[in-house]
Amino acid sequence: MLPRVILHNSVSLDNAVVGFDIDIGLHYEILLSFSPDALLAGSTTAKTGIEMFSDSDEPEVPTDRHRPPQDPGDSRPVGVFVDSRGVLQGLLHFYRRSGHFRDVVVLVSATTPEAYLAYLAEREYPYIRCGEGRVDLAAALEELRIRFGVETVVTDSGGGLNAALLEQGIADEISLIVTPAIAGTGQKNLFRSVHTSRDLELISSRELGGGRVHLRYRV
Ligand SMILES: NC(=O)c1ccc[n+]([C@@H]2O[C@H](COP(=O)([O-])OP(=O)(O)OC[C@H]3O[C@@H](n4cnc5c(N)ncnc54)[C@H](OP(=O)(O)O)[C@@H]3O)[C@@H](O)[C@H]2O)c1
């Protein structure tokens, strides 16, 4: 059985995930209201996040190289990063030290460079290796549930990973903060690479102020 998977995004009225003013505080407040056991991020989102919100030149220090002690009473989610290509090599300490996660886990595949796997092992980052080229998302989520007790996953990703989760029938719910803005052409659209049509059932709609609306749909 897979964990429950919620795709959570702030979108413009023309369904872009970038190119308009995102209320970051509100975005994470609503994300955390789902009480996720894990936050699932794609490597592009994770790298962009470091560039946007941290000093990406800040070096790793010796304490960053060890897995923090795991406390069963810690209610923070696990940060889970899809990264078959090793894009986050040399960067994961930003997430380990952020204080937002009780642990940092990486999903990799059979083709992931050995140098990246060595980087993860030397620093005690748990990883799940499944899938040939790309990560087999369903199998990885199943293993996350078994090994880390993850029952609810909320995504913190753009259109790449979220579209794959929807396309592969893994997503249970879509949560959108619709923002009163048009991002215009050239911006990344959320479900740009979804090919299969799906019916959705509205769970709730709520006005958030500032013209924003929170919509939740069951897939
Ligand atoms: N508005 C919002 O709510 C919001 C939220 C988060 C991010 N963003 C923005 O979105 C942008 C990034 O979005 P993005 O779509 O380019 O990147 P992304 O969401 O990070 O997606 C890329 C990740 O998805 C994985 N992936 C894609 N297709 C896959 C498949 N079929 N099977 C397995 N894994 C797959 C890739 O795997 P590999 O490891 O194999 O490459 C990669 O790790 C950034 O600009 C960020 O700021 C917006």
# chains A, B, ... in the order shown; residues from 1 in each chain; ligands from 1

call {"tool": "residues_near_ligand", "arguments": {"ligand": "ligand 1", "cutoff": "7 Å", "atoms": "only C-alpha atoms and all ligand atoms", "output": "ChimeraX atom specification"}}
result
/A:8-11,17-18,22,41-46,48-49,82-85,134-137,156-162,164

call {"tool": "write_last_selection", "arguments": {"atoms": "C-alpha atoms", "output": "PDB file, in the first residue's frame"}}
result
ATOM      1  CA  HIS A   8       0.405  20.984  -3.208  1.00  0.00           C
ATOM      2  CA  ASN A   9       1.106  24.082  -5.299  1.00  0.00           C
ATOM      3  CA  SER A  10       0.626  27.792  -5.487  1.00  0.00           C
ATOM      4  CA  VAL A  11      -0.536  28.576  -9.014  1.00  0.00           C
ATOM      5  CA  VAL A  17       4.113  27.637 -10.796  1.00  0.00           C
ATOM      6  CA  VAL A  18       6.581  30.502 -11.277  1.00  0.00           C
ATOM      7  CA  ILE A  22       3.834  33.490  -4.314  1.00  0.00           C
ATOM      8  CA  ALA A  41      10.741  17.554  -3.525  1.00  0.00           C
ATOM      9  CA  GLY A  42      12.225  17.235  -6.996  1.00  0.00           C
ATOM     10  CA  SER A  43      15.901  18.017  -7.494  1.00  0.00           C
ATOM     11  CA  THR A  44      15.233  21.150  -9.585  1.00  0.00           C
ATOM     12  CA  THR A  45      12.934  22.567  -6.928  1.00  0.00           C
ATOM     13  CA  ALA A  46      15.405  21.673  -4.169  1.00  0.00           C
ATOM     14  CA  THR A  48      16.286  26.399  -6.846  1.00  0.00           C
ATOM     15  CA  GLY A  49      15.147  26.641  -3.216  1.00  0.00           C
ATOM     16  CA  VAL A  82      14.079  12.714  -5.886  1.00  0.00           C
ATOM     17  CA  ASP A  83      17.526  12.932  -7.438  1.00  0.00           C
ATOM     18  CA  SER A  84      18.523  10.233  -9.899  1.00  0.00           C
ATOM     19  CA  ARG A  85      21.235  12.419 -11.462  1.00  0.00           C
ATOM     20  CA  ARG A 134      14.494   7.521 -13.323  1.00  0.00           C
ATOM     21  CA  VAL A 135      13.296   6.736  -9.832  1.00  0.00           C
ATOM     22  CA  ASP A 136      10.398   4.265  -9.693  1.00  0.00           C
ATOM     23  CA  LEU A 137       8.194   6.602  -7.679  1.00  0.00           C
ATOM     24  CA  ASP A 156       6.951  20.572  -2.626  1.00  0.00           C
ATOM     25  CA  SER A 157       7.685  20.468  -6.329  1.00  0.00           C
ATOM     26  CA  GLY A 158       7.011  22.086  -9.645  1.00  0.00           C
ATOM     27  CA  GLY A 159       5.356  20.572 -12.697  1.00  0.00           C
ATOM     28  CA  GLY A 160       7.979  17.914 -13.415  1.00  0.00           C
ATOM     29  CA  LEU A 161       7.572  15.682 -10.417  1.00  0.00           C
ATOM     30  CA  ASN A 162       3.924  16.501  -9.737  1.00  0.00           C
ATOM     31  CA  ALA A 164       4.753  12.335 -13.065  1.00  0.00           C
TER      32      ALA A 164
END

call {"tool": "select_by_dssp", "arguments": {"residues": "segment 37-173 of chain A", "states": "helix (DSSP H, G or I)", "output": "ChimeraX atom specification"}}
result
/A:43-53,62-65,93-96,114-122,137-148,159-167

call {"tool": "atom_distance", "arguments": {"atom1": "atom CA of Arg65 of chain A", "atom2": "atom CA of Leu117 of chain A"}}
result
14.1 Å

call {"tool": "select_by_dssp", "arguments": {"residues": "segment 53-86 of chain A", "states": "strand (DSSP E)", "output": "number ranges by chain"}}
result
A: 78-82

call {"tool": "closest_residue", "arguments": {"among": "A:Glu29, A:Glu207, A:Glu143, A:Asp74", "to": "Val178 of chain A", "atoms": "only C-alpha atoms"}}
result
A:Glu207
